[in-house]
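Heads up, model-v2.tsv below (TSV, C-alpha atoms):
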chain	number	residue	atom	x	y	z
A	294	MET	CA	14.40	1.08	2.19
A	295	LYS	CA	13.85	4.78	3.01
A	296	HIS	CA	11.18	7.19	1.82
A	297	ALA	CA	13.68	9.30	-0.16
A	298	GLN	CA	14.68	6.29	-2.25
A	299	VAL	CA	11.11	5.73	-3.43
A	300	LYS	CA	10.74	9.42	-4.32
A	301	GLU	CA	14.05	9.38	-6.22
A	302	ALA	CA	12.96	6.28	-8.12
A	303	ALA	CA	9.62	7.92	-8.91
A	304	ALA	CA	11.46	10.98	-10.21
A	305	ALA	CA	13.54	8.73	-12.46
A	306	LEU	CA	10.32	7.22	-13.83
A	307	PHE	CA	8.94	10.69	-14.42
A	308	ASN	CA	11.98	11.82	-16.38
A	309	ASP	CA	12.42	8.71	-18.57
A	310	GLN	CA	10.03	8.23	-21.50
A	311	ARG	CA	11.32	5.07	-23.19
A	312	ASN	CA	9.06	2.60	-25.00
A	313	PRO	CA	5.65	4.12	-24.15
A	314	PHE	CA	3.68	1.60	-26.21
A	315	GLY	CA	5.23	-1.69	-25.10
A	316	ALA	CA	5.15	-3.56	-21.81
A	317	PHE	CA	6.33	-1.61	-18.78
A	318	SER	CA	9.40	0.50	-19.22
A	319	LEU	CA	10.59	3.50	-17.27
A	320	GLY	CA	8.27	6.41	-17.89
A	321	SER	CA	5.35	4.46	-19.34
A	322	GLU	CA	3.15	5.20	-16.33
A	323	THR	CA	3.89	8.93	-16.29
A	324	HIS	CA	3.81	11.13	-19.37
A	325	HIS	CA	1.54	8.80	-21.33
A	326	ALA	CA	-1.30	8.38	-18.81
A	327	ALA	CA	-3.55	10.85	-20.60
A	328	THR	CA	-6.91	9.47	-19.51
A	329	ILE	CA	-8.33	7.38	-16.68
A	330	PRO	CA	-8.64	4.29	-18.97
A	331	ASP	CA	-4.92	4.72	-19.77
A	332	ALA	CA	-4.15	4.85	-16.05
A	333	VAL	CA	-6.28	1.75	-15.38
A	334	ARG	CA	-4.37	-0.13	-18.07
A	335	ARG	CA	-1.01	0.88	-16.60
A	336	CYS	CA	-2.12	-0.07	-13.09
A	337	ARG	CA	-3.18	-3.46	-14.47
A	338	TRP	CA	0.35	-3.92	-15.88
A	339	ILE	CA	1.76	-3.41	-12.37
A	340	ALA	CA	-0.76	-5.88	-10.94
A	341	VAL	CA	0.24	-8.50	-13.54
A	342	ASP	CA	3.91	-8.04	-12.66
A	343	ILE	CA	3.29	-8.95	-8.99
A	344	ASN	CA	0.51	-11.49	-9.65
A	345	ALA	CA	-2.16	-9.35	-7.95
A	346	SER	CA	-5.76	-10.22	-8.78
A	347	ALA	CA	-7.22	-6.75	-8.15
A	348	PHE	CA	-6.14	-3.15	-7.65
A	349	GLY	CA	-7.42	0.34	-6.91
A	350	LEU	CA	-6.19	3.94	-6.89
A	351	TYR	CA	-7.58	6.22	-4.17
A	352	PHE	CA	-7.32	9.88	-3.20
A	353	VAL	CA	-7.23	10.88	0.47
A	354	SER	CA	-10.14	13.11	1.48
A	355	PRO	CA	-9.25	16.68	2.54
A	356	SER	CA	-10.53	16.38	6.12
A	357	ALA	CA	-7.97	15.91	8.90
A	358	GLU	CA	-10.68	14.92	11.38
A	359	ARG	CA	-12.67	12.47	9.25
A	360	ALA	CA	-10.09	10.49	7.31
A	361	ARG	CA	-11.44	8.72	4.21
A	362	LEU	CA	-10.32	7.23	0.91
A	363	VAL	CA	-12.10	8.22	-2.30
A	364	ALA	CA	-11.79	5.75	-5.17
A	365	CYS	CA	-10.58	7.14	-8.50
A	366	PHE	CA	-10.77	3.72	-10.18
A	367	ASP	CA	-10.29	0.02	-9.47
A	368	SER	CA	-9.85	-3.18	-11.46
A	369	ASP	CA	-13.61	-3.34	-12.17
A	370	TYR	CA	-13.52	0.07	-13.93
A	371	PRO	CA	-15.85	1.59	-15.07
A	372	SER	CA	-17.85	-0.25	-12.39
A	373	THR	CA	-16.84	-0.33	-8.72
A	374	ALA	CA	-15.56	-3.48	-7.01
A	375	VAL	CA	-17.12	-4.69	-3.76
A	376	ALA	CA	-13.73	-4.45	-2.01
A	377	THR	CA	-13.52	-0.75	-2.95
A	378	LYS	CA	-16.71	-0.02	-1.01
A	379	PHE	CA	-15.06	-1.38	2.14
A	380	ILE	CA	-11.74	0.37	1.48
A	381	SER	CA	-13.57	3.68	0.95
A	382	GLY	CA	-15.42	3.23	4.25
A	383	ALA	CA	-14.29	3.33	7.87
A	384	ASN	CA	-11.82	0.46	7.30
A	385	GLY	CA	-9.37	2.86	5.67
A	386	GLU	CA	-9.17	5.53	8.39
A	387	ASP	CA	-5.96	4.31	10.04
A	388	VAL	CA	-4.06	3.82	6.79
A	389	VAL	CA	-5.24	7.26	5.57
A	390	ARG	CA	-3.73	8.92	8.62
A	391	HIS	CA	-0.55	6.90	8.06
A	392	SER	CA	-0.33	7.88	4.38
A	393	ARG	CA	-0.30	11.58	5.26
A	394	VAL	CA	2.93	11.29	7.22
A	395	SER	CA	4.70	8.26	5.75
A	396	THR	CA	5.31	6.44	2.48
A	397	ALA	CA	5.91	3.08	4.19
A	398	PRO	CA	3.67	0.39	2.64
A	399	ARG	CA	1.05	-1.33	4.79
A	400	TRP	CA	-0.07	-4.95	4.28
A	401	TRP	CA	-2.74	-7.25	5.65
A	402	ALA	CA	-3.52	-10.95	5.32
A	403	ASP	CA	-6.77	-12.76	6.12
A	404	ASP	CA	-6.16	-15.76	8.37
A	405	GLY	CA	-8.39	-17.89	6.16
A	406	ILE	CA	-6.38	-17.20	3.00
A	407	ALA	CA	-3.05	-18.94	2.67
A	408	GLY	CA	-0.14	-17.61	0.68
A	409	SER	CA	0.48	-13.90	1.10
A	410	ARG	CA	1.22	-13.56	4.82
A	411	GLN	CA	4.65	-15.19	4.59
A	412	VAL	CA	5.52	-13.06	1.54
A	413	PHE	CA	4.44	-9.84	3.28
A	414	GLN	CA	6.27	-10.68	6.51
A	415	SER	CA	9.52	-11.04	4.57
A	416	LEU	CA	9.34	-7.43	3.39
A	417	ALA	CA	11.73	-5.27	5.42
A	418	TRP	CA	10.06	-1.93	4.67
A	419	ALA	CA	6.38	-2.78	5.10
A	420	GLU	CA	4.19	-2.86	8.19
A	421	PRO	CA	1.05	-4.88	9.02
A	422	THR	CA	-2.30	-3.11	9.34
A	423	ALA	CA	-5.92	-4.02	9.90
A	424	PRO	CA	-7.61	-5.49	6.78
A	425	LEU	CA	-8.98	-2.81	4.45
A	426	ALA	CA	-11.51	-5.27	3.02
A	427	PRO	CA	-12.72	-8.52	4.64
A	428	GLY	CA	-11.65	-11.81	3.12
A	429	THR	CA	-8.70	-10.29	1.25
A	430	ASN	CA	-4.92	-10.15	1.34
A	431	GLY	CA	-3.42	-6.92	0.16
A	432	ILE	CA	-0.79	-4.21	0.27
A	433	ALA	CA	-1.40	-0.44	0.29
A	434	LEU	CA	1.25	1.91	-1.11
A	435	PRO	CA	1.04	5.56	0.03
A	436	VAL	CA	1.61	7.97	-2.87
A	437	HIS	CA	1.88	11.75	-3.24
A	438	ALA	CA	1.60	14.32	-6.03
A	439	ASP	CA	1.74	18.08	-6.58
A	440	ARG	CA	-0.44	20.51	-4.60
A	441	GLY	CA	-0.11	18.29	-1.53
A	442	GLN	CA	-2.38	15.58	-2.92
A	443	CYS	CA	-1.88	12.14	-1.44
A	444	GLY	CA	-3.51	8.77	-1.79
A	445	LEU	CA	-3.02	5.02	-1.97
A	446	VAL	CA	-2.48	2.47	-4.68
A	447	VAL	CA	-3.80	-0.86	-3.39
A	448	PHE	CA	-3.14	-4.36	-4.72
A	449	LEU	CA	-5.11	-7.43	-3.65
A	450	GLY	CA	-4.38	-11.12	-4.13
A	451	SER	CA	-3.70	-14.38	-2.35
A	452	GLU	CA	-0.54	-15.28	-4.30
A	453	MET	CA	1.31	-12.04	-4.86
A	454	ALA	CA	5.01	-12.28	-5.76
A	455	LEU	CA	6.93	-9.58	-3.88
A	456	SER	CA	10.49	-9.00	-2.71
A	457	ASP	CA	12.05	-5.86	-1.26
A	458	ASP	CA	13.48	-4.92	-4.68
A	459	THR	CA	10.16	-5.57	-6.43
A	460	LEU	CA	8.28	-3.58	-3.78
A	461	CYS	CA	10.58	-0.59	-4.31
A	462	GLU	CA	10.01	-0.75	-8.08
A	463	ILE	CA	6.22	-1.05	-7.98
A	464	HIS	CA	6.00	1.65	-5.31
A	465	ALA	CA	7.97	4.02	-7.53
A	466	ARG	CA	5.76	3.11	-10.48
A	467	SER	CA	2.68	3.72	-8.33
A	468	PHE	CA	4.05	7.13	-7.27
A	469	ALA	CA	4.59	8.09	-10.90
A	470	LEU	CA	1.17	6.78	-11.94
A	471	PHE	CA	-0.58	8.73	-9.17
A	472	ALA	CA	1.24	11.90	-10.22
A	473	ALA	CA	0.15	11.34	-13.83
A	474	VAL	CA	-3.48	10.80	-12.78
A	475	ALA	CA	-3.38	13.95	-10.66
A	476	ARG	CA	-2.25	15.92	-13.74
A	477	ILE	CA	-5.15	14.80	-15.96
A	478	ARG	CA	-7.31	17.78	-16.88
A	479	PRO	CA	-10.51	18.09	-18.94
A	480	SER	CA	-9.75	18.57	-22.64
A	481	ASP	CA	-10.58	21.87	-24.29
A	482	SER	CA	-13.42	20.16	-26.14
A	483	GLY	CA	-14.90	18.80	-22.94
A	484	ARG	CA	-14.40	21.79	-20.70
A	485	MET	CA	-16.65	21.59	-17.67
A	486	ARG	CA	-19.16	24.22	-16.69
A	487	SER	CA	-18.31	26.52	-13.80
A	488	ILE	CA	-19.00	24.98	-10.38
A	489	SER	CA	-20.36	27.28	-7.69
A	490	LYS	CA	-18.89	27.75	-4.23
A	491	ARG	CA	-21.94	26.03	-2.67
A	492	GLU	CA	-21.58	23.04	-4.98
A	493	LEU	CA	-17.91	22.71	-4.04
A	494	GLU	CA	-18.77	22.94	-0.34
A	495	CYS	CA	-21.23	20.06	-0.75
A	496	LEU	CA	-18.65	18.02	-2.65
A	497	LYS	CA	-16.00	18.64	0.00
A	498	LEU	CA	-18.35	17.56	2.78
A	499	THR	CA	-19.25	14.45	0.78
A	500	ALA	CA	-15.53	13.70	0.41
A	501	ASN	CA	-15.29	13.82	4.19
A	502	GLY	CA	-17.98	11.17	4.51
A	503	ASN	CA	-20.98	13.34	5.33
A	504	THR	CA	-24.47	12.27	4.25
A	505	SER	CA	-26.94	14.60	2.52
A	506	GLU	CA	-28.71	15.10	5.85
A	507	GLU	CA	-25.46	16.06	7.58
A	508	ILE	CA	-24.48	18.40	4.75
A	509	ALA	CA	-27.87	20.11	4.93
A	510	LYS	CA	-27.48	20.63	8.67
A	511	LEU	CA	-23.91	21.94	8.43
A	512	LEU	CA	-24.74	24.39	5.62
A	513	LYS	CA	-28.19	25.29	6.96
A	514	LEU	CA	-29.93	24.00	3.83
A	515	SER	CA	-32.83	21.68	3.19
A	516	VAL	CA	-31.88	18.10	2.29
A	517	HIS	CA	-33.52	18.64	-1.10
A	518	THR	CA	-31.30	21.69	-1.79
A	519	ALA	CA	-28.15	19.84	-0.68
A	520	ASN	CA	-29.00	16.98	-3.02
A	521	GLN	CA	-29.67	19.46	-5.81
A	522	TYR	CA	-26.21	21.02	-5.39
A	523	LEU	CA	-24.63	17.56	-5.48
A	524	THR	CA	-26.59	16.57	-8.57
A	525	GLN	CA	-25.58	19.78	-10.35
A	526	SER	CA	-21.90	19.37	-9.50
A	527	THR	CA	-22.00	15.73	-10.60
A	528	GLN	CA	-23.45	16.75	-13.97
A	529	LYS	CA	-20.94	19.58	-14.41
A	530	LEU	CA	-18.05	17.19	-13.73
A	531	ASN	CA	-19.49	14.68	-16.19
A	532	ALA	CA	-19.52	12.03	-13.46
A	533	VAL	CA	-21.91	9.11	-13.14
A	534	ASN	CA	-22.53	9.58	-9.39
A	535	ARG	CA	-21.50	11.78	-6.49
A	536	ASN	CA	-18.63	9.49	-5.43
A	537	GLN	CA	-17.09	9.73	-8.90
A	538	ALA	CA	-17.68	13.49	-8.80
A	539	VAL	CA	-15.78	13.71	-5.50
A	540	ALA	CA	-12.86	11.70	-6.90
A	541	LYS	CA	-12.75	13.93	-9.98
A	542	ALA	CA	-12.90	17.11	-7.88
A	543	LEU	CA	-10.01	15.87	-5.72
A	544	ARG	CA	-7.99	14.91	-8.79
A	545	LEU	CA	-8.58	18.30	-10.41
A	546	GLY	CA	-7.70	20.15	-7.20
A	547	LEU	CA	-11.16	21.72	-6.93
A	548	ILE	CA	-11.43	20.61	-3.31
A	549	GLU	CA	-8.44	20.28	-0.97
structure tokens encoding of this file:
Amino acid sequence: MKHAQVKEAAAALFNDQRNPFGAFSLGSETHHAATIPDAVRRCRWIAVDINASAFGLYFVSPSAERARLVACFDSDYPSTAVATKFISGANGEDVVRHSRVSTAPRWWADDGIAGSRQVFQSLAWAEPTAPLAPGTNGIALPVHADRGQCGLVVFLGSEMALSDDTLCEIHARSFALFAAVARIRPSDSGRMRSISKRELECLKLTANGNTSEEIAKLLKLSVHTANQYLTQSTQKLNAVNRNQAVAKALRLGLIE
């Protein structure tokens, strides 16, 4: 399976809008993902189709030097799963670098969990990688959208049902879903307040994994002021915390 085939399949999903309200049909993860809850529901449909027990959609941080994944949502939405905290940490650096240059899926299998390793090893167009979260089996699908945005859709589970044909289909669906999520914009009724250049700088540095202390040092601010900028940007983006604010800023193209 080659990268162009996945992109062609994703384009077919984008252009076909049949049966938007039923179970999965071509197009149901594209035009009709109008909100994050909609996207979570559609990602859950994909997970059910491959017998995955958990999932997550992540944006790649803008830094080339400090690769990081920023969670947009996972299967515990609106909360955050424990596995997501590991995937968003240093564990994801290698697969982030990979996702910037390739669409080839990456899989991992914990030696203590039977089931998935044999399934993953049978996939012709998938490569092994270091575990993104301890005590899990999973597969990470690199995805891309407009404006150069890229990310991963991750599925976890000890008894996933995957073949090469199924992998191609769910990868295309994940591509289309990521593109739909990247297109979500605030509604006219919920238009966000203007975010200052300083606030965006703090968000971008947070996306790259910097702490408040590191941000303060880099921008020659006090830690209190750096935290204040982050709090203000979080409120303006109507986010519950700075990590959600970073994910929203990446999705909206405010930081690149």
Worksheet item: Around (-3.5, 20.9, -14.4) in the file's frame, which residues reach within 10 Å when counting all atoms listed in the file? Return as a ChimeraX atom specification?
Response: /A:439,475-479,544-546
Restricting the output to C-alpha atoms, write the selected residues as a compact mmCIF listing (two decimals), keeping the file's coordinate frame.
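What ended up in part_29.txt:
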# COMPACT_ATOMS: atom_id res chain seq x y z
CA ASP A 439 1.74 18.08 -6.58
CA ALA A 475 -3.38 13.95 -10.66
CA ARG A 476 -2.25 15.92 -13.74
CA ILE A 477 -5.15 14.80 -15.96
CA ARG A 478 -7.31 17.78 -16.88
CA PRO A 479 -10.51 18.09 -18.94
CA ARG A 544 -7.99 14.91 -8.79
CA LEU A 545 -8.58 18.30 -10.41
CA GLY A 546 -7.70 20.15 -7.20
Item to complete: Excluding region 413-416 of chain A and any residue of its chain fewer than 5 positions from it, enumerate the residues within 7 Å of it, using all atoms listed in the file, and give them as a PyMOL selection string.
Response: chain A and resi 400+456-457
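Of the listed residues (A:Ser372, A:Asn531, A:Glu492, A:Asp387), A:Glu492 comes nearest to Leu512 (chain A); the distances count only C-alpha atoms.
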Item to complete: Would you mind telling me which residue in A:Thr328, A:Val436, A:Pro427, A:Leu530 lies nearest to Ala469 (chain A) when using only C-alpha atoms?
Response: A:Val436
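Interatomic distance, CA of Val533 (chain A) against CA of Leu434 (chain A): 27.1 Å.
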Worksheet item: So how many Å separate CA of Trp401 (chain A) and CA of Val333 (chain A), to one decimal?
Response: 23.1 Å
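Among the candidates A:Ala402, A:Val353, A:Leu445, A:Ile343, the one nearest to Gly431 (chain A) when counting all atoms listed in the file is A:Ala402.
What separates CA of Gly385 (chain A) from CA of Arg466 (chain A) is a distance of 22.1 Å.
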For region 339-384 of chain A against region 421-425 of chain A, with a cut-off of 12 Å and counting only C-alpha atoms, what is the closest atom pair and its distance in Å to one decimal for every residue that makes the cut, ordered by chain and number, as a Markdown table?
| residue | atom | partner | partner_atom | distance |
| --- | --- | --- | --- | --- |
| A:Gly349 | CA | A:Leu425 | CA | 11.9 |
| A:Arg361 | CA | A:Leu425 | CA | 11.8 |
| A:Leu362 | CA | A:Leu425 | CA | 10.7 |
| A:Val375 | CA | A:Leu425 | CA | 11.7 |
| A:Ala376 | CA | A:Leu425 | CA | 8.2 |
| A:Thr377 | CA | A:Leu425 | CA | 8.9 |
| A:Lys378 | CA | A:Leu425 | CA | 9.9 |
| A:Phe379 | CA | A:Leu425 | CA | 6.7 |
| A:Ile380 | CA | A:Leu425 | CA | 5.2 |
| A:Ser381 | CA | A:Leu425 | CA | 8.7 |
| A:Gly382 | CA | A:Leu425 | CA | 8.8 |
| A:Ala383 | CA | A:Leu425 | CA | 8.8 |
| A:Asn384 | CA | A:Leu425 | CA | 5.2 |
Dump as CSV the rows for residues of region 343-433 of chain A within 8 Å of region 494-500 of chain A: closest atom pair and distance in Å with one decimal, only C-alpha atoms counted, ordered by chain and rising residue number.
residue,atom,partner,partner_atom,distance
A:Ser354,CA,A:Ala500,CA,5.5
A:Pro355,CA,A:Ala500,CA,7.3
A:Arg361,CA,A:Ala500,CA,7.5
A:Val363,CA,A:Ala500,CA,7.0
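Counting all atoms listed in the file, the residue from A:Leu523, A:Ala397, A:Val412, A:Leu543 that sits nearest to Glu452 (chain A) is A:Val412.
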Let me know the centre plus edge lengths, in Å and rounded to one decimal, of a box with edges along x, y and z that contains all listed atoms of region 437-453 of chain A and is padded by 8 Å on every side, as lines of an AutoDock Vina configuration file.
center_x = -1.6
center_y = 2.6
center_z = -4.0
size_x = 23.0
size_y = 51.8
size_z = 21.1
Item to complete: Find the residue from A:Ser395, A:Leu455, A:Leu470, A:Glu506 that sits nearest to Trp338 (chain A); use all atoms listed in the file when measuring.
Response: A:Leu470
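Using only C-alpha atoms, the smallest distance between any of A:Pro435, A:Pro330, A:Pro398, A:Pro371 and Glu420 (chain A) comes from A:Pro398.
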Using the atoms already present, construct N, CA, C and O atoms for region 342-367 of chain A and hand them back as an mmCIF file, in the coordinates of the input.
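Result file follows (result-v2.cif):
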data_model
loop_
_atom_site.group_PDB
_atom_site.id
_atom_site.type_symbol
_atom_site.label_atom_id
_atom_site.label_comp_id
_atom_site.auth_asym_id
_atom_site.auth_seq_id
_atom_site.Cartn_x
_atom_site.Cartn_y
_atom_site.Cartn_z
ATOM 1 N N ASP A 342 2.508 -7.817 -12.996
ATOM 2 C CA ASP A 342 3.910 -8.040 -12.660
ATOM 3 C C ASP A 342 4.094 -8.638 -11.265
ATOM 4 O O ASP A 342 5.111 -9.288 -10.992
ATOM 5 N N ILE A 343 3.152 -8.397 -10.347
ATOM 6 C CA ILE A 343 3.290 -8.950 -8.990
ATOM 7 C C ILE A 343 2.232 -10.027 -8.716
ATOM 8 O O ILE A 343 2.057 -10.451 -7.579
ATOM 9 N N ASN A 344 1.523 -10.438 -9.761
ATOM 10 C CA ASN A 344 0.510 -11.490 -9.650
ATOM 11 C C ASN A 344 -0.635 -11.083 -8.714
ATOM 12 O O ASN A 344 -1.184 -11.922 -7.975
ATOM 13 N N ALA A 345 -1.000 -9.812 -8.728
ATOM 14 C CA ALA A 345 -2.160 -9.350 -7.950
ATOM 15 C C ALA A 345 -3.428 -9.583 -8.762
ATOM 16 O O ALA A 345 -3.430 -9.434 -9.982
ATOM 17 N N SER A 346 -4.498 -9.937 -8.077
ATOM 18 C CA SER A 346 -5.760 -10.220 -8.780
ATOM 19 C C SER A 346 -6.656 -9.007 -8.894
ATOM 20 O O SER A 346 -7.612 -9.003 -9.683
ATOM 21 N N ALA A 347 -6.392 -7.957 -8.114
ATOM 22 C CA ALA A 347 -7.220 -6.750 -8.150
ATOM 23 C C ALA A 347 -6.389 -5.561 -7.699
ATOM 24 O O ALA A 347 -5.342 -5.720 -7.066
ATOM 25 N N PHE A 348 -6.878 -4.360 -8.008
ATOM 26 C CA PHE A 348 -6.140 -3.150 -7.650
ATOM 27 C C PHE A 348 -7.106 -1.982 -7.542
ATOM 28 O O PHE A 348 -8.258 -2.055 -7.976
ATOM 29 N N GLY A 349 -6.629 -0.880 -6.980
ATOM 30 C CA GLY A 349 -7.420 0.340 -6.910
ATOM 31 C C GLY A 349 -6.523 1.528 -6.641
ATOM 32 O O GLY A 349 -5.473 1.392 -5.993
ATOM 33 N N LEU A 350 -6.911 2.695 -7.163
ATOM 34 C CA LEU A 350 -6.190 3.940 -6.890
ATOM 35 C C LEU A 350 -7.152 4.880 -6.177
ATOM 36 O O LEU A 350 -8.272 5.097 -6.640
ATOM 37 N N TYR A 351 -6.710 5.428 -5.042
ATOM 38 C CA TYR A 351 -7.580 6.220 -4.170
ATOM 39 C C TYR A 351 -6.927 7.557 -3.828
ATOM 40 O O TYR A 351 -5.710 7.642 -3.643
ATOM 41 N N PHE A 352 -7.749 8.587 -3.718
ATOM 42 C CA PHE A 352 -7.320 9.880 -3.200
ATOM 43 C C PHE A 352 -7.724 9.966 -1.730
ATOM 44 O O PHE A 352 -8.766 9.434 -1.337
ATOM 45 N N VAL A 353 -6.890 10.644 -0.936
ATOM 46 C CA VAL A 353 -7.230 10.880 0.470
ATOM 47 C C VAL A 353 -8.145 12.101 0.543
ATOM 48 O O VAL A 353 -7.881 13.126 -0.086
ATOM 49 N N SER A 354 -9.211 11.995 1.318
ATOM 50 C CA SER A 354 -10.140 13.110 1.480
ATOM 51 C C SER A 354 -9.442 14.275 2.178
ATOM 52 O O SER A 354 -8.454 14.089 2.889
ATOM 53 N N PRO A 355 -9.948 15.506 1.997
ATOM 54 C CA PRO A 355 -9.250 16.680 2.540
ATOM 55 C C PRO A 355 -9.386 16.871 4.045
ATOM 56 O O PRO A 355 -8.691 17.682 4.623
ATOM 57 N N SER A 356 -10.291 16.153 4.696
ATOM 58 C CA SER A 356 -10.530 16.380 6.120
ATOM 59 C C SER A 356 -9.478 15.717 6.990
ATOM 60 O O SER A 356 -9.164 14.544 6.817
ATOM 61 N N ALA A 357 -8.932 16.482 7.950
ATOM 62 C CA ALA A 357 -7.970 15.910 8.900
ATOM 63 C C ALA A 357 -8.685 15.154 10.006
ATOM 64 O O ALA A 357 -8.131 14.246 10.615
ATOM 65 N N GLU A 358 -9.936 15.535 10.277
ATOM 66 C CA GLU A 358 -10.680 14.920 11.380
ATOM 67 C C GLU A 358 -11.407 13.647 10.951
ATOM 68 O O GLU A 358 -11.556 12.720 11.739
ATOM 69 N N ARG A 359 -11.858 13.592 9.703
ATOM 70 C CA ARG A 359 -12.670 12.470 9.250
ATOM 71 C C ARG A 359 -11.989 11.818 8.051
ATOM 72 O O ARG A 359 -12.385 11.982 6.908
ATOM 73 N N ALA A 360 -10.921 11.071 8.358
ATOM 74 C CA ALA A 360 -10.090 10.490 7.310
ATOM 75 C C ALA A 360 -10.885 9.503 6.463
ATOM 76 O O ALA A 360 -11.653 8.698 6.972
ATOM 77 N N ARG A 361 -10.684 9.574 5.127
ATOM 78 C CA ARG A 361 -11.440 8.720 4.210
ATOM 79 C C ARG A 361 -10.693 8.592 2.895
ATOM 80 O O ARG A 361 -9.981 9.494 2.477
ATOM 81 N N LEU A 362 -10.869 7.442 2.245
ATOM 82 C CA LEU A 362 -10.320 7.230 0.910
ATOM 83 C C LEU A 362 -11.431 7.370 -0.113
ATOM 84 O O LEU A 362 -12.539 6.878 0.093
ATOM 85 N N VAL A 363 -11.130 8.035 -1.212
ATOM 86 C CA VAL A 363 -12.100 8.220 -2.300
ATOM 87 C C VAL A 363 -11.543 7.525 -3.535
ATOM 88 O O VAL A 363 -10.456 7.853 -4.008
ATOM 89 N N ALA A 364 -12.279 6.547 -4.036
ATOM 90 C CA ALA A 364 -11.790 5.750 -5.170
ATOM 91 C C ALA A 364 -11.793 6.572 -6.453
ATOM 92 O O ALA A 364 -12.793 7.195 -6.801
ATOM 93 N N CYS A 365 -10.660 6.558 -7.156
ATOM 94 C CA CYS A 365 -10.580 7.140 -8.500
ATOM 95 C C CYS A 365 -10.954 6.070 -9.527
ATOM 96 O O CYS A 365 -11.722 6.328 -10.445
ATOM 97 N N PHE A 366 -10.392 4.870 -9.349
ATOM 98 C CA PHE A 366 -10.770 3.720 -10.180
ATOM 99 C C PHE A 366 -10.280 2.448 -9.502
ATOM 100 O O PHE A 366 -9.442 2.493 -8.583
ATOM 101 N N ASP A 367 -10.809 1.314 -9.922
ATOM 102 C CA ASP A 367 -10.290 0.020 -9.470
ATOM 103 C C ASP A 367 -10.304 -0.945 -10.647
ATOM 104 O O ASP A 367 -10.584 -0.558 -11.780
#
